[in-house]
Amino acid sequence: MVDNKTLALVFAGQGSQSIGMMAGFADLPVVEETLKEASDILNVDILGMLTSGPDTALAQTVNTQPVMLAAGVATFRAWTALGGPAAACYAGHSLGEYSALVAAGALKFEDALPLVRFRAESMQAAVPEGTGGIAAVLGLDEAAVQSVCADAAQTEVLEAVNLNSPGQTVIAGHRTAVERGMALAKERGAKRALMLPMSVPSHCALMKPAADKLEAYLRNVPFATPRVPVIQNADVQAFATPEDIKAALVRQLYRPVRWIETVQALAGRGATVVAECVPGKVLTGLNKRIVSDAQCVALADSAAMRALIEGAQ
């Protein structure tokens with residue numbers, strides 16, 4: 001059986017959503033119950049979007065963020081219902097950090113859902129539609145991508161915003177700057193540079209107005225000390241006080257997601273099993289490239305959960 005002292009649970013964020021992603025938990029009522037609870041709290045059919053879409057609704061930022069939070073919490077509750085142990089530490093990629101904080105007892109589910117919807121609305125409002133862009137650059141190291149951003153920005157914003165794994169970095173900023181950055185990255189040896197289907201240039205300086213709105217909103221949201229440490233992206237630290245946790249969530253909006261360092265920090269705390277606690281395998285692929293000596297698994301369905309709990313993986 002997996003040891004809670006060496007287990008880390010990580011939660012994916014926006015971009016991992018898909019219709020039917022929760023189908024592998026049909027045998028666990030707590031999953032559907034959680035999605036219905038989220039639907040009732042927001043008066044939005046989250047269960048329906050995850051079950052039947054349409055894709056256009058699921059892809060809207062104001063829907064995607066609460067949907068992924070609900071999916072993360074539902075998956076965590078499924079893990080608990082099956083007898084999965086509490087982890088030694090948690091982390092979440094960007095939006096996934098909110099699921100991690102709910103799992104750790106720092107944030108109530110009923111408070112987190114409207115919070116992330118407000119976060120999404122603020123992010124969308126910060127940059128007019130079509131003005132921003134976000135792209136993945138594959139095959140260049142972080143230093144080379146940082147150089148590309150500095151040279152391609154010109155008078156606009158262009159930053160490395162997701163430091164996902166060795167050789168995979170996401171850049172964001174003004175769309176025209178992102179396009180220049182993609183071209184320059186290819187000139188300098190990138191294997192691929194592709195625009196991502198997201199209208200919001202997350203985690204760059206263009207998100208500072210959204211961060212200011214989020215800071216004001218968070219003043220009225222109750223937080224508690226986490227029962228389990230949560231490594232937060234912006235600082236690669238686990239904070240104990242509500243004030244510090246909130247401040248890190250604000251910084252996260254306009255600073256890079258330091259995922260490589262985050263996963264390394266989990267390993268540094270003794271994690272030898274890193275399990276992705278949202279259906280999908282996006283983070284698991286990244287994690288394997290970051291900590292090759294750890295067991296990186298995706299809890300994509302109840303069968304995968306049972307296998308890990310029973311030590312069969």
# chains A, B, ... in the order shown; residues from 1 in each chain; ligands from 1
>>> select_by_dssp(residues="segment 2-138 of chain A", states="strand (DSSP E)", output="ChimeraX atom specification")
/A:7-11,89-92,132-138
>>> residues_around(residues="segment 218-226 of chain A", least_positions_apart="5", cutoff="12 Å", atoms="only C-alpha atoms", output="short mmCIF file (atom, residue, chain, number, x, y, z; two decimals) with C-alpha atoms, in the first residue's frame")
data_model
loop_
_atom_site.label_atom_id
_atom_site.label_comp_id
_atom_site.auth_asym_id
_atom_site.auth_seq_id
_atom_site.Cartn_x
_atom_site.Cartn_y
_atom_site.Cartn_z
CA ALA A 88 2.53 14.26 2.86
CA CYS A 89 2.22 17.35 0.65
CA TYR A 90 0.12 18.80 -2.15
CA TYR A 98 -6.99 26.01 -5.48
CA ALA A 100 -4.89 21.54 -3.52
CA LEU A 101 -5.85 24.15 -0.93
CA VAL A 102 -9.36 22.70 -0.65
CA ALA A 103 -7.91 19.20 -0.22
CA ALA A 104 -5.57 20.51 2.47
CA GLY A 105 -8.42 22.11 4.42
CA ALA A 106 -7.21 25.67 3.86
CA LEU A 107 -10.20 26.70 1.74
CA LYS A 108 -13.82 25.55 1.80
CA PHE A 109 -15.24 24.12 -1.42
CA GLU A 110 -18.26 26.43 -1.27
CA ASP A 111 -15.94 29.45 -1.05
CA ALA A 112 -13.45 28.21 -3.64
CA LEU A 113 -15.98 27.85 -6.47
CA PRO A 114 -17.15 31.48 -6.64
CA LEU A 115 -13.57 32.55 -5.95
CA VAL A 116 -12.15 30.82 -9.03
CA PHE A 118 -14.26 35.59 -10.07
CA ARG A 119 -10.59 34.89 -10.85
CA ALA A 211 -4.37 40.32 -9.55
CA ASP A 212 -5.38 43.60 -7.95
CA LYS A 213 -9.07 42.62 -8.21
CA ILE A 231 3.70 24.04 -2.28
CA ALA A 238 4.39 26.10 1.61
CA PHE A 239 2.82 28.87 3.68
CA ALA A 240 1.05 28.37 7.00
CA THR A 241 -0.91 31.58 7.52
CA PRO A 242 -4.03 32.61 5.56
CA GLU A 243 -2.44 35.99 4.82
CA ASP A 244 0.64 34.44 3.22
CA ILE A 245 -1.42 31.91 1.26
CA LYS A 246 -3.65 34.66 -0.17
CA ALA A 247 -0.67 36.84 -1.07
CA ALA A 248 0.90 33.92 -2.95
CA LEU A 249 -2.36 33.35 -4.87
CA VAL A 250 -2.30 37.00 -5.94
#
>>> closest_atom_pairs(of="segment 148-210 of chain A", to="segment 253-261 of chain A", cutoff="9 Å", atoms="only C-alpha atoms", output="CSV")
residue,atom,partner,partner_atom,distance
A:Glu159,CA,A:Pro256,CA,8.4
A:Ala160,CA,A:Pro256,CA,6.8
A:Val161,CA,A:Pro256,CA,4.1
A:Asn162,CA,A:Val257,CA,4.7
A:Leu163,CA,A:Arg258,CA,5.2
A:Asn164,CA,A:Trp259,CA,5.2
A:Ser165,CA,A:Ile260,CA,5.5
A:Pro166,CA,A:Ile260,CA,7.6
A:Ser202,CA,A:Leu253,CA,6.7
A:His203,CA,A:Tyr254,CA,4.0
A:Cys204,CA,A:Tyr254,CA,4.5
A:Ala205,CA,A:Tyr254,CA,5.2
A:Leu206,CA,A:Tyr254,CA,7.2
A:Met207,CA,A:Tyr254,CA,5.2
A:Lys208,CA,A:Tyr254,CA,5.7
A:Ala210,CA,A:Leu253,CA,7.5
>>> closest_residue(among="A:Thr169, A:Thr64, A:Thr6, A:Gln17", to="Ala294 of chain A", atoms="only C-alpha atoms")
A:Thr6
>>> select_by_dssp(residues="segment 6-94 of chain A", states="helix (DSSP H, G or I)", output="JSON, numbers by chain")
{"A": [6, 23, 24, 25, 29, 30, 31, 32, 33, 34, 35, 36, 37, 38, 39, 40, 41, 42, 46, 47, 48, 49, 50, 51, 52, 55, 56, 57, 58, 59, 61, 62, 63, 64, 65, 66, 67, 68, 69, 70, 71, 72, 73, 74, 75, 76, 77, 78, 79, 80, 81]}
>>> atom_distance(atom1="atom CA of Arg117 of chain A", atom2="atom CA of Ser99 of chain A")
13.2 Å
>>> residues_around(residues="Asp141 of chain A", least_positions_apart="2", cutoff="8 Å", atoms="only C-alpha atoms", output="ChimeraX atom specification")
/A:139,143-145,166-169
>>> residues_around(residues="segment 283-285 of chain A", least_positions_apart="3", cutoff="12 Å", atoms="only C-alpha atoms", output="PyMOL selection string")
chain A and resi 9-16+91-94+96+164-166+168+259-260+262-263+273-280+288-292+294-300
>>> atom_distance(atom1="atom CA of Val30 of chain A", atom2="atom CA of Ala81 of chain A")
7.7 Å
>>> atom_distance(atom1="atom CA of Ala172 of chain A", atom2="atom CA of Ala135 of chain A")
6.4 Å
>>> residues_around(residues="Leu82 of chain A", least_positions_apart="2", cutoff="9 Å", atoms="only C-alpha atoms", output="list in words")
Leu28, Arg77, Ala78, Trp79, Thr80, Gly84, Ser302, Met305, Arg306 and Ile309 of chain A
>>> closest_residue(among="A:Leu47, A:Ala126, A:Ala23, A:Ala8", to="Pro66 of chain A", atoms="only C-alpha atoms")
A:Leu47
>>> closest_residue(among="A:Ala265, A:Met195, A:Glu142, A:Pro201", to="Leu158 of chain A", atoms="only C-alpha atoms")
A:Pro201
>>> closest_residue(among="A:Asn43, A:Ser199, A:Thr272, A:Thr75", to="Phe25 of chain A", atoms="only C-alpha atoms")
A:Thr75
>>> closest_residue(among="A:Glu215, A:Glu129, A:Glu37, A:Asp151", to="Ala177 of chain A", atoms="only C-alpha atoms")
A:Asp151
>>> closest_residue(among="A:Leu266, A:Met21, A:Leu214, A:Met68", to="Arg251 of chain A", atoms="only C-alpha atoms")
A:Leu214
